[in-house]
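This is protein_23.cif. It holds mmCIF, C-alpha atoms.
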data_upload
#
loop_
_atom_site.label_atom_id
_atom_site.label_comp_id
_atom_site.auth_asym_id
_atom_site.auth_seq_id
_atom_site.Cartn_x
_atom_site.Cartn_y
_atom_site.Cartn_z
CA MET A 1 -7.01 -13.29 -44.95
CA THR A 2 -9.37 -10.44 -45.49
CA ASP A 3 -8.28 -6.83 -45.18
CA ALA A 4 -10.42 -6.37 -42.05
CA LEU A 5 -8.64 -9.21 -40.29
CA TRP A 6 -5.22 -7.77 -41.17
CA ILE A 7 -6.28 -4.38 -39.82
CA LEU A 8 -7.54 -5.99 -36.60
CA LEU A 9 -4.27 -7.89 -36.10
CA LEU A 10 -2.26 -4.74 -36.76
CA ALA A 11 -4.36 -2.79 -34.25
CA LEU A 12 -3.87 -5.50 -31.62
CA LEU A 13 -0.11 -5.52 -32.27
CA VAL A 14 0.06 -1.73 -31.90
CA ALA A 15 -2.00 -1.84 -28.70
CA ALA A 16 0.18 -4.58 -27.19
CA THR A 17 3.32 -2.63 -28.14
CA LEU A 18 1.99 0.55 -26.50
CA VAL A 19 1.10 -1.36 -23.32
CA ALA A 20 4.60 -2.83 -23.16
CA VAL A 21 6.20 0.56 -23.83
CA ARG A 22 4.05 2.18 -21.13
CA ARG A 23 5.22 -0.35 -18.53
CA ARG A 24 8.89 -0.63 -19.54
CA LEU A 25 9.59 2.83 -21.01
CA PRO A 26 7.14 5.33 -19.51
CA VAL A 27 9.14 8.33 -20.73
CA LEU A 28 8.98 7.14 -24.34
CA PHE A 29 5.26 6.42 -24.00
CA TRP A 30 4.71 9.91 -22.63
CA TRP A 31 6.44 11.54 -25.59
CA LEU A 32 4.63 9.35 -28.14
CA VAL A 33 1.11 9.27 -26.69
CA GLY A 34 0.76 11.00 -23.34
CA TYR A 35 2.00 14.48 -24.16
CA PRO A 36 0.00 14.92 -27.42
CA ALA A 37 -3.19 13.60 -25.79
CA VAL A 38 -2.94 15.71 -22.61
CA THR A 39 -1.90 18.82 -24.54
CA LEU A 40 -4.90 18.50 -26.86
CA ARG A 41 -7.17 18.03 -23.85
CA VAL A 42 -5.73 21.07 -22.08
CA LEU A 43 -5.99 23.35 -25.13
CA THR A 44 -9.57 22.37 -25.98
CA THR A 45 -10.98 22.47 -22.44
CA TYR A 46 -8.84 25.15 -20.78
CA ARG A 47 -11.49 27.88 -20.50
CA ALA A 48 -14.28 25.51 -19.44
CA THR A 49 -12.07 23.73 -16.90
CA MET A 50 -10.90 26.98 -15.31
CA ASP A 51 -14.47 28.20 -15.09
CA ALA A 52 -15.67 24.93 -13.52
CA CYS A 53 -12.84 25.08 -10.95
CA GLY A 54 -13.65 28.67 -10.01
CA LEU A 55 -10.42 30.06 -11.43
CA THR A 56 -11.95 32.67 -13.73
CA VAL A 57 -12.78 36.32 -13.12
CA PRO A 58 -15.61 38.48 -14.58
CA ALA A 59 -14.90 40.12 -17.91
CA SER A 60 -13.70 43.70 -17.95
CA ALA A 61 -16.08 46.60 -18.51
CA VAL A 62 -14.88 47.02 -22.10
CA ARG A 63 -15.57 43.37 -22.90
CA ARG A 64 -18.97 43.52 -21.29
CA ALA A 65 -19.89 46.63 -23.29
CA THR A 66 -18.66 45.04 -26.52
CA ALA A 67 -20.65 41.89 -25.80
CA ARG A 68 -23.83 43.90 -25.19
CA MET A 69 -23.38 45.68 -28.52
CA LEU A 70 -23.18 42.30 -30.25
CA GLY A 71 -26.12 40.91 -28.30
CA ARG A 72 -23.99 38.39 -26.44
CA GLN A 73 -23.05 37.69 -22.86
CA ALA A 74 -19.45 38.27 -21.79
CA ALA A 75 -17.87 35.00 -20.65
CA PRO A 76 -15.65 34.86 -17.55
CA VAL A 77 -11.96 35.30 -18.28
CA PRO A 78 -9.44 32.56 -17.33
CA PRO A 79 -5.81 33.34 -16.47
CA ARG A 80 -3.53 33.93 -19.42
CA ARG A 81 -1.36 30.91 -20.18
CA SER A 82 1.62 29.93 -22.22
CA LEU A 83 1.75 26.94 -24.53
CA PRO A 84 2.05 23.59 -22.72
CA LEU A 85 5.74 22.72 -22.94
CA PRO A 86 6.86 19.09 -22.51
CA THR A 87 9.17 17.96 -19.71
CA GLY A 88 10.75 14.60 -18.92
CA SER A 89 7.77 13.58 -16.80
CA GLY A 90 4.87 15.75 -17.95
CA LEU A 91 4.26 19.27 -19.17
CA VAL A 92 4.44 22.78 -17.76
CA MET A 93 2.40 25.93 -18.34
CA ARG A 94 3.10 29.42 -17.06
CA LEU A 95 0.03 31.35 -15.97
CA ARG A 96 -0.53 35.03 -15.35
CA MET A 97 -3.09 35.36 -12.59
CA ALA A 98 -5.94 37.83 -12.87
CA ALA A 99 -6.53 40.56 -10.31
CA GLY A 100 -7.79 39.12 -7.03
CA GLN A 101 -6.33 35.65 -7.59
CA ALA A 102 -3.66 34.01 -5.42
CA PRO A 103 -1.57 30.82 -5.74
CA GLU A 104 -3.61 29.30 -2.91
CA ASP A 105 -6.67 29.29 -5.21
CA PHE A 106 -4.82 27.10 -7.71
CA ASN A 107 -3.42 24.83 -4.97
CA ALA A 108 -6.96 24.22 -3.71
CA ALA A 109 -8.09 23.31 -7.24
CA ALA A 110 -5.06 21.16 -8.15
CA ASP A 111 -6.88 17.86 -7.58
CA ARG A 112 -9.82 18.95 -9.73
CA LEU A 113 -7.48 20.04 -12.51
CA ARG A 114 -5.76 16.66 -12.32
CA HIS A 115 -9.01 14.78 -12.87
CA ALA A 116 -10.22 17.16 -15.58
CA TRP A 117 -7.07 16.80 -17.68
CA GLY A 118 -6.31 13.15 -16.94
CA ALA A 119 -2.90 13.80 -15.34
CA HIS A 120 -1.31 11.83 -12.51
CA ALA A 121 -0.66 14.97 -10.45
CA VAL A 122 -0.72 18.77 -10.73
CA HIS A 123 1.79 20.95 -8.89
CA VAL A 124 1.59 24.71 -8.50
CA ARG A 125 4.69 26.85 -7.95
CA PRO A 126 4.70 30.68 -7.76
CA THR A 127 7.52 32.15 -9.83
CA LYS A 128 7.07 35.89 -9.34
CA PRO A 129 4.28 38.23 -8.17
CA GLY A 130 1.23 37.62 -10.33
CA ARG A 131 2.69 34.61 -12.12
CA LEU A 132 2.91 30.91 -11.37
CA GLU A 133 3.94 27.64 -12.93
CA LEU A 134 1.43 24.84 -13.43
CA ARG A 135 3.22 21.50 -13.78
CA LEU A 136 1.33 18.37 -14.86
CA VAL A 137 2.92 14.96 -14.16
CA GLY A 138 1.98 12.30 -16.67
CA TRP A 139 2.54 9.15 -14.58
CA ASP A 140 3.67 7.95 -11.17
CA VAL A 141 7.36 8.80 -11.36
CA LEU A 142 7.96 7.28 -7.90
CA ALA A 143 6.88 3.81 -9.02
CA ASP A 144 10.32 2.96 -10.44
CA VAL A 145 13.13 5.35 -9.52
CA ARG A 146 16.52 4.90 -11.12
CA PRO A 147 19.70 6.97 -10.85
CA PRO A 148 19.88 9.79 -13.39
CA ARG A 149 21.46 8.65 -16.65
CA ARG A 150 23.58 11.77 -16.80
CA ARG A 151 25.27 13.13 -13.70
CA LEU A 152 23.56 16.28 -12.50
CA ARG A 153 25.74 19.33 -12.16
CA THR A 154 26.16 19.97 -8.48
CA GLU A 155 28.44 22.01 -6.26
CA PRO A 156 30.62 20.49 -3.53
CA LEU A 157 28.58 19.07 -0.65
CA THR A 158 25.43 18.89 -2.77
CA LEU A 159 23.97 15.51 -3.68
CA PRO A 160 20.91 14.45 -5.74
CA LEU A 161 19.51 11.80 -3.37
CA ALA A 162 15.90 11.16 -4.35
CA LEU A 163 13.38 11.85 -7.07
CA ARG A 164 10.50 14.14 -6.12
CA GLU A 165 6.95 13.45 -7.16
CA ASP A 166 7.00 16.40 -9.58
CA GLY A 167 9.86 14.85 -11.57
CA HIS A 168 12.66 17.00 -10.16
CA TRP A 169 15.51 15.61 -8.08
CA TYR A 170 15.74 16.37 -4.39
CA VAL A 171 19.24 17.75 -3.87
CA ARG A 172 20.78 17.61 -0.41
CA ASP A 173 22.78 20.83 0.05
CA PHE A 174 24.84 20.75 3.25
CA ARG A 175 25.84 24.40 3.03
CA THR A 176 22.20 25.50 2.90
CA VAL A 177 20.74 22.89 5.27
CA PRO A 178 23.72 21.76 7.35
CA HIS A 179 22.03 19.20 9.63
CA GLU A 180 19.32 16.64 8.91
CA LEU A 181 17.07 14.24 10.81
CA ILE A 182 16.13 10.96 9.07
CA LEU A 183 13.36 8.84 10.58
CA GLY A 184 11.86 5.58 9.38
CA ALA A 185 10.66 2.20 10.56
CA THR A 186 12.35 -1.09 9.76
CA GLN A 187 12.21 -1.92 6.03
CA SER A 188 11.00 1.61 5.20
CA GLY A 189 13.93 2.49 2.92
CA LYS A 190 15.88 4.56 5.43
CA SER A 191 19.03 2.48 4.93
CA VAL A 192 18.84 2.90 1.14
CA TYR A 193 18.61 6.66 1.54
CA LEU A 194 21.66 6.55 3.82
CA ARG A 195 23.59 4.42 1.32
CA ASN A 196 22.97 6.96 -1.45
CA LEU A 197 24.09 9.72 0.89
CA LEU A 198 27.32 7.97 1.92
CA CYS A 199 28.19 6.94 -1.63
CA GLY A 200 27.69 10.48 -2.88
CA LEU A 201 29.88 11.90 -0.14
CA ALA A 202 32.50 9.16 -0.57
CA ARG A 203 33.33 10.54 -4.03
CA GLN A 204 34.06 13.99 -2.61
CA PRO A 205 36.95 15.27 -0.46
CA VAL A 206 34.97 14.92 2.77
CA ALA A 207 35.76 13.26 6.09
CA LEU A 208 33.06 10.74 7.00
CA VAL A 209 32.53 9.93 10.68
CA GLY A 210 30.16 7.15 11.78
CA ILE A 211 28.49 6.54 15.14
CA ASP A 212 26.64 3.21 15.16
CA CYS A 213 25.95 1.74 18.58
CA LYS A 214 24.49 -1.46 17.13
CA TRP A 215 28.03 -2.85 17.19
CA GLY A 216 28.67 -1.12 13.89
CA VAL A 217 26.59 -3.50 11.78
CA GLU A 218 24.96 -0.69 9.76
CA LEU A 219 28.06 1.39 9.02
CA ALA A 220 30.75 -1.32 9.07
CA PRO A 221 30.40 -2.05 5.31
CA PHE A 222 31.46 1.56 4.64
CA ALA A 223 34.51 1.35 6.95
CA PRO A 224 37.11 1.62 4.11
CA ARG A 225 35.95 5.21 3.50
CA LEU A 226 35.27 6.26 7.12
CA SER A 227 37.73 8.48 8.96
CA ALA A 228 36.31 7.35 12.31
CA LEU A 229 33.77 4.84 13.59
CA ALA A 230 32.34 4.40 17.10
CA ASP A 231 30.36 1.21 17.74
CA ALA A 232 29.60 1.58 21.49
CA PRO A 233 28.22 4.42 23.66
CA ASP A 234 31.49 4.87 25.60
CA ARG A 235 33.53 5.13 22.42
CA ALA A 236 30.91 7.43 20.88
CA ASN A 237 31.22 9.72 23.90
CA ASP A 238 34.99 9.90 23.39
CA LEU A 239 34.57 10.51 19.67
CA LEU A 240 32.18 13.40 20.30
CA ASP A 241 34.79 14.93 22.63
CA VAL A 242 37.31 14.83 19.80
CA LEU A 243 34.83 16.34 17.33
CA VAL A 244 34.15 19.22 19.73
CA GLU A 245 37.92 19.75 20.05
CA GLU A 246 38.22 19.76 16.26
CA MET A 247 35.43 22.34 16.02
CA GLU A 248 37.08 24.59 18.60
CA ALA A 249 40.41 24.37 16.77
CA ARG A 250 38.73 25.42 13.54
CA PHE A 251 37.15 28.43 15.23
CA ARG A 252 40.56 29.43 16.52
CA LEU A 253 41.87 29.16 12.96
CA ILE A 254 39.05 31.39 11.69
CA GLY A 255 39.78 33.95 14.41
CA MET A 256 43.51 33.97 13.64
CA ARG A 257 42.86 34.49 9.92
CA GLY A 258 40.44 37.33 10.64
CA GLY A 259 43.01 39.18 12.74
CA ALA A 260 46.02 38.49 10.53
CA GLY A 261 46.27 42.06 9.27
CA SER A 262 44.42 45.08 7.98
CA ASP A 263 44.15 43.59 4.50
CA ALA A 264 42.88 40.20 5.70
CA VAL A 265 39.52 38.98 4.40
CA LEU A 266 37.06 38.85 7.27
CA THR A 267 35.02 35.66 7.55
CA SER A 268 32.85 33.90 10.08
CA ASP A 269 33.10 30.37 8.68
CA VAL A 270 35.60 28.06 7.04
CA TRP A 271 34.27 28.73 3.53
CA GLY A 272 35.64 32.27 3.67
CA LEU A 273 39.18 31.04 4.27
CA PRO A 274 41.68 30.63 1.43
CA GLU A 275 41.32 27.26 -0.23
CA LYS A 276 44.76 26.07 0.88
CA ALA A 277 44.04 26.95 4.52
CA ARG A 278 40.47 25.64 4.52
CA PRO A 279 39.95 22.51 6.65
CA VAL A 280 38.21 19.57 5.07
CA PRO A 281 34.44 19.28 5.71
CA VAL A 282 33.33 16.62 8.20
CA VAL A 283 29.98 14.80 7.97
CA VAL A 284 28.97 12.92 11.12
CA VAL A 285 26.43 10.13 10.58
CA VAL A 286 24.64 9.00 13.76
CA ASP A 287 22.76 5.79 13.00
CA GLU A 288 19.94 4.57 15.31
CA VAL A 289 20.19 7.49 17.69
CA ALA A 290 17.94 5.72 20.23
CA GLU A 291 20.61 3.04 20.73
CA LEU A 292 23.13 5.78 21.44
CA PHE A 293 21.02 7.31 24.19
CA LEU A 294 19.68 4.20 25.93
CA ALA A 295 20.22 4.44 29.69
CA ALA A 296 19.91 1.65 32.27
CA SER A 297 21.58 3.34 35.23
CA LYS A 298 22.43 6.74 36.64
CA ASP A 299 25.87 6.62 35.05
CA ASP A 300 24.28 5.90 31.66
CA GLU A 301 21.96 8.89 32.11
CA LYS A 302 24.89 11.19 32.87
CA ARG A 303 26.74 9.93 29.79
CA ARG A 304 23.59 10.32 27.67
CA ASP A 305 23.01 13.92 28.79
CA ALA A 306 26.66 14.70 28.11
CA MET A 307 26.44 13.27 24.56
CA VAL A 308 23.24 15.21 23.83
CA THR A 309 24.95 18.39 25.00
CA LYS A 310 27.92 17.74 22.69
CA LEU A 311 25.64 17.05 19.73
CA ILE A 312 23.77 20.30 20.42
CA ARG A 313 27.07 22.18 20.42
CA LEU A 314 28.02 20.58 17.11
CA ALA A 315 24.59 21.38 15.66
CA GLN A 316 24.62 25.00 16.80
CA LEU A 317 28.20 25.83 15.86
CA GLY A 318 29.29 23.09 13.48
CA ARG A 319 28.05 24.71 10.26
CA ALA A 320 30.56 27.56 10.50
CA ALA A 321 33.34 25.06 11.24
CA GLY A 322 32.41 22.78 8.33
CA ILE A 323 31.01 19.99 10.54
CA TYR A 324 27.60 18.60 9.58
CA LEU A 325 25.24 16.12 11.25
CA GLU A 326 23.06 13.35 9.82
CA VAL A 327 20.98 11.85 12.64
CA CYS A 328 19.03 8.67 11.81
CA GLY A 329 16.63 6.54 13.82
CA GLN A 330 13.19 5.02 14.17
CA ARG A 331 12.08 7.52 16.83
CA PHE A 332 13.33 10.82 18.13
CA GLY A 333 11.81 12.73 21.02
CA ALA A 334 11.96 13.87 24.62
CA GLU A 335 12.32 10.30 25.89
CA LEU A 336 15.92 10.39 24.66
CA GLY A 337 16.83 12.71 27.53
CA LYS A 338 17.40 16.34 28.37
CA GLY A 339 18.13 18.52 25.38
CA ALA A 340 16.75 16.11 22.75
CA THR A 341 14.04 18.57 21.73
CA MET A 342 16.63 21.33 21.44
CA LEU A 343 18.79 19.09 19.28
CA ARG A 344 15.86 18.29 17.00
CA ALA A 345 15.23 22.02 16.51
CA GLN A 346 18.78 22.37 15.15
CA LEU A 347 18.23 19.58 12.60
CA THR A 348 16.44 21.78 10.07
CA GLY A 349 16.43 19.18 7.30
CA ARG A 350 13.81 16.46 7.81
CA VAL A 351 13.29 13.15 6.02
CA CYS A 352 10.48 10.90 7.23
CA HIS A 353 9.97 7.46 5.72
CA ARG A 354 7.15 5.11 6.71
CA VAL A 355 6.87 5.15 10.50
CA ASN A 356 5.06 2.93 12.97
CA ASP A 357 2.87 5.61 14.54
CA GLU A 358 1.63 9.15 14.02
CA THR A 359 3.71 10.44 16.92
CA SER A 360 6.93 9.59 15.08
CA ALA A 361 5.77 11.49 12.00
CA ASN A 362 4.97 14.49 14.16
CA MET A 363 8.44 14.27 15.69
CA ALA A 364 9.96 14.65 12.25
CA LEU A 365 7.62 17.05 10.48
CA GLY A 366 4.94 18.30 12.87
CA ASP A 367 6.88 21.37 13.97
CA ILE A 368 7.56 22.60 10.41
CA ALA A 369 4.62 21.39 8.28
CA PRO A 370 1.69 19.57 9.95
CA GLU A 371 0.24 18.54 6.57
CA ALA A 372 3.57 16.88 5.74
CA ALA A 373 3.31 14.76 8.90
CA LEU A 374 -0.12 13.62 7.75
CA ALA A 375 1.29 12.69 4.34
CA ALA A 376 4.05 10.64 6.02
CA THR A 377 1.49 8.51 7.86
CA ARG A 378 -0.05 7.52 4.52
CA ILE A 379 3.08 5.99 2.98
CA PRO A 380 2.18 2.37 2.09
CA ALA A 381 4.35 -0.48 3.32
CA GLU A 382 4.69 -1.88 -0.19
CA ARG A 383 6.49 1.29 -1.36
CA PRO A 384 9.83 1.19 0.53
CA GLY A 385 12.02 4.20 -0.10
CA VAL A 386 9.14 6.67 -0.34
CA ALA A 387 9.59 9.52 2.14
CA VAL A 388 8.44 13.04 2.88
CA VAL A 389 11.17 15.67 2.98
CA GLY A 390 10.79 19.11 4.51
CA ASP A 391 12.84 21.96 5.88
CA SER A 392 12.43 24.90 8.23
CA SER A 393 10.84 27.01 5.47
CA GLY A 394 7.71 24.85 5.63
CA GLY A 395 8.09 23.43 2.13
CA TRP A 396 7.76 19.66 1.70
CA SER A 397 7.50 17.03 -1.00
CA ARG A 398 7.24 13.25 -1.47
CA VAL A 399 10.42 11.63 -2.72
CA ARG A 400 11.84 8.18 -3.37
CA SER A 401 15.49 7.14 -3.42
CA PRO A 402 16.84 4.91 -6.21
CA HIS A 403 17.52 1.41 -4.97
CA LEU A 404 21.16 0.80 -4.08
CA THR A 405 22.30 -2.56 -2.78
CA LEU A 406 24.63 -2.85 0.18
CA GLU A 407 27.23 -4.63 -1.97
CA ASP A 408 27.32 -1.79 -4.51
CA ALA A 409 27.52 0.85 -1.78
CA ALA A 410 30.36 -1.00 -0.04
CA ALA A 411 32.20 -1.29 -3.37
CA VAL A 412 32.01 2.48 -3.87
CA CYS A 413 33.51 3.04 -0.42
CA ARG A 414 36.33 0.58 -1.15
CA ASP A 415 37.11 2.25 -4.47
CA THR A 416 37.24 5.73 -2.88
CA SER A 417 39.26 4.78 0.20
CA ASP A 418 42.20 6.82 -1.09
CA LEU A 419 40.12 10.02 -0.63
CA ILE A 420 40.18 9.77 3.18
CA PRO A 421 41.57 13.15 4.33
CA ASP A 422 44.29 13.55 6.93
CA LEU A 423 42.73 14.46 10.30
CA PRO A 424 45.18 13.46 13.05
CA ARG A 425 42.63 13.87 15.85
CA LEU A 426 40.52 11.06 14.37
CA ASP A 427 43.33 8.57 13.78
CA THR A 428 42.64 6.63 16.98
CA PHE A 429 39.05 6.06 15.85
CA ARG A 430 39.93 4.87 12.33
CA PRO A 431 38.14 1.53 11.76
CA VAL A 432 40.28 -1.49 11.09
CA VAL A 433 39.61 -2.82 7.61
CA ALA A 434 40.35 -6.46 6.92
CA GLN A 435 42.59 -6.89 3.90
CA PRO A 436 41.64 -9.54 1.36
CA SER A 437 43.71 -12.67 1.72
CA THR A 438 46.33 -13.27 -1.00
CA ALA A 439 47.17 -16.84 0.02
CA PRO A 440 46.55 -19.41 -2.70
CA VAL A 441 43.43 -21.46 -2.31
CA ALA A 442 44.12 -25.16 -1.74
CA GLN A 443 42.79 -27.31 -4.55
CA PRO A 444 40.89 -30.46 -3.59
CA THR A 445 42.82 -33.65 -4.17
CA ALA A 446 41.25 -36.06 -6.59
CA ARG A 447 40.47 -39.48 -5.20
CA PRO A 448 40.04 -42.64 -7.21
CA VAL A 449 36.56 -43.90 -7.62
CA THR A 450 36.10 -47.23 -5.94
CA GLY A 451 33.26 -49.50 -6.59
#

Take the structure in the file and give it back as structure tokens.
Amino acid sequence: MTDALWILLLALLVAATLVAVRRRLPVLFWWLVGYPAVTLRVLTTYRATMDACGLTVPASAVRRATARMLGRQAAPVPPRRSLPLPTGSGLVMRLRMAAGQAPEDFNAAADRLRHAWGAHAVHVRPTKPGRLELRLVGWDVLADVRPPRRRLRTEPLTLPLALREDGHWYVRDFRTVPHELILGATQSGKSVYLRNLLCGLARQPVALVGIDCKWGVELAPFAPRLSALADAPDRANDLLDVLVEEMEARFRLIGMRGGAGSDAVLTSDVWGLPEKARPVPVVVVVDEVAELFLAASKDDEKRRDAMVTKLIRLAQLGRAAGIYLEVCGQRFGAELGKGATMLRAQLTGRVCHRVNDETSANMALGDIAPEAALAATRIPAERPGVAVVGDSSGGWSRVRSPHLTLEDAAAVCRDTSDLIPDLPRLDTFRPVVAQPSTAPVAQPTARPVTG
């Protein structure tokens, strides 16, 4: 073989290896090829790209005078930048904006910067007045989401549930956003998100309460870890009564502790109580809320309005008592009865998967970020698990939960069943868990072969 043929074969082998690495190990490919190539492109074209995107300012008077003395023309000045530093999914630069610039200017030019530098996405985040962070994402991190290899450091009642499109994890913090609304059509990934949520909570000292009026088929696999489960509207109504009683008892406990003496520590919620006297947090998961509020008669309507009222009370006052709501469904709106809109306003956390119509997206996100509702309508059906998350601050992002099978989620709940806290009020609603049979399996009797 000639030397040229050997070089050609070697080049083909290297190319095939890089293609395989890019598909199977995108992080490794980014560190080997992507980061050096994009960094070189950014450094060599930074000034020209900023000028083409309208992100430069005229040179100062001193620079213009100096340029005239040298017989040159003063070029526009781009924002000062730091060196592009690598991250697990791209690179980040810190910029110091010039006078007259605002973060909105860079947000408007993010798509043009993405095309100019060959990145998958560009995200802009203000850090302090006059400074911002420009984060480039090297590839579609939502294409294949897996659980983090190392457990992220989180506080109690905080869970990393989904990967955001900028490479960071979306962390559900119950103490900051106590109640959440989760919407999504069938096969949109809503159940996978809920499995990650329940499995994360199952490993913590938390009481899990389920309301599933589809005869419990969605939440029954998690029964070994549930403190209570209601599978019919009548039983759900009774369970909500008990939860309201539990909330009132906790408020009485807070009031008694606050008036215990002149040296007592004043507090307005359970987290200010001493750890030994602090009641265990309770997370109430309402699955398919539309099934809970279906009404076919006047009596059903009265029961529905009563349950909505109880949920509103829990949403308005539950945070201070350590009671949190997760409301899931395909739709949520005024057709669910009186007070439904008020209840939705209390659910400040919003997660919207692929929905069947634009109205459903507006139910979830339209009142906090209209552009987020538009993004939710564009989630493709072939990307289950992709969702748009937002909160009352108006911030939003695309996320995707790591895939978790029902068998694995049920196994986690079985393994953590010993963490169920003692809440006597909920004992009557404790789901009955079938114990595995220990009887020996009968062996088939061998029969002679007859011909």

Which residues are near Pro26 (chain A)? Cut-off 10 Å, all atoms listed in the file, ignore same chain within fewer than 3 positions. Put them as a PDB file with C-alpha atoms, in the coordinates of the input.
ATOM      1  CA  LEU A  18       1.990   0.550 -26.500  1.00  0.00           C
ATOM      2  CA  VAL A  19       1.100  -1.360 -23.320  1.00  0.00           C
ATOM      3  CA  ALA A  20       4.600  -2.830 -23.160  1.00  0.00           C
ATOM      4  CA  VAL A  21       6.200   0.560 -23.830  1.00  0.00           C
ATOM      5  CA  ARG A  22       4.050   2.180 -21.130  1.00  0.00           C
ATOM      6  CA  ARG A  23       5.220  -0.350 -18.530  1.00  0.00           C
ATOM      7  CA  PHE A  29       5.260   6.420 -24.000  1.00  0.00           C
ATOM      8  CA  TRP A  30       4.710   9.910 -22.630  1.00  0.00           C
ATOM      9  CA  TRP A  31       6.440  11.540 -25.590  1.00  0.00           C
ATOM     10  CA  LEU A  32       4.630   9.350 -28.140  1.00  0.00           C
ATOM     11  CA  GLY A  34       0.760  11.000 -23.340  1.00  0.00           C
ATOM     12  CA  GLY A  88      10.750  14.600 -18.920  1.00  0.00           C
ATOM     13  CA  SER A  89       7.770  13.580 -16.800  1.00  0.00           C
ATOM     14  CA  GLY A 138       1.980  12.300 -16.670  1.00  0.00           C
ATOM     15  CA  TRP A 139       2.540   9.150 -14.580  1.00  0.00           C
ATOM     16  CA  ASP A 140       3.670   7.950 -11.170  1.00  0.00           C
ATOM     17  CA  VAL A 141       7.360   8.800 -11.360  1.00  0.00           C
ATOM     18  CA  ASP A 144      10.320   2.960 -10.440  1.00  0.00           C
TER      19      ASP A 144
END

Can you measure CA of Ile312 (chain A) to CA of Cys213 (chain A) for me? One decimal in Å is fine.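 About the pair CA of Ile312 (chain A) and CA of Cys213 (chain A): they are 18.8 Å apart.
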
What are the closest atom pairs, with distances in Å to one decimal, for all residues of region 198-265 of chain A lying within 12 Å of region 408-413 of chain A? Consider all atoms listed in the file, order rows by chain and residue number, and present the result as a Markdown table.
| residue | atom | partner | partner_atom | distance |
| --- | --- | --- | --- | --- |
| A:Leu198 | CA | A:Ala409 | CA | 8.0 |
| A:Cys199 | CA | A:Ala409 | CA | 6.1 |
| A:Gly200 | CA | A:Val412 | CA | 9.1 |
| A:Leu201 | CA | A:Cys413 | CA | 9.6 |
| A:Ala202 | CA | A:Cys413 | CA | 6.2 |
| A:Arg203 | CA | A:Val412 | CA | 8.2 |
| A:Gln204 | CA | A:Cys413 | CA | 11.2 |
| A:Leu208 | CA | A:Cys413 | CA | 10.7 |
| A:Glu218 | CA | A:Ala410 | CA | 11.2 |
| A:Leu219 | CA | A:Ala410 | CA | 9.6 |
| A:Ala220 | CA | A:Ala410 | CA | 9.1 |
| A:Pro221 | CA | A:Ala410 | CA | 5.5 |
| A:Phe222 | CA | A:Ala410 | CA | 5.4 |
| A:Ala223 | CA | A:Cys413 | CA | 7.6 |
| A:Pro224 | CA | A:Cys413 | CA | 6.0 |
| A:Arg225 | CA | A:Cys413 | CA | 5.1 |
| A:Leu226 | CA | A:Cys413 | CA | 8.4 |
| A:Ser227 | CA | A:Cys413 | CA | 11.6 |

Can you measure CA of Cys328 (chain A) to CA of Pro281 (chain A) for me? One decimal in Å is fine. 19.7 Å

Distance CA of Val171 (chain A)-CA of Arg131 (chain A), one decimal place?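 So the two atoms, CA of Val171 (chain A) and CA of Arg131 (chain A), lie 25.0 Å apart.
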
Selection as a count of residues only: residues within 12 Å of (23.0, 7.6, 29.8), counting only C-alpha atoms: 28

List as a list in words: which residues have an atom within 9 Å of (-0.9, 19.4, -24.8), counting all atoms listed in the file?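 Answer for this query, in the requested form: Gly34, Tyr35, Pro36, Ala37, Val38, Thr39, Leu40, Arg41, Val42, Leu43, Leu83, Pro84, Leu85, Pro86 and Leu91 of chain A.
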
Just say which residues the PyMOL selection byres ((chain A and resi 271) around 12) picks in this file, as a VMD selection string. chain A and resid 156 to 157 175 250 254 265 to 270 272 to 281 319 to 323

Nearest candidate to Arg125 (chain A) (options A:Leu240, A:Ala74, A:Ala143, A:Leu95; using all atoms listed in the file): A:Leu95
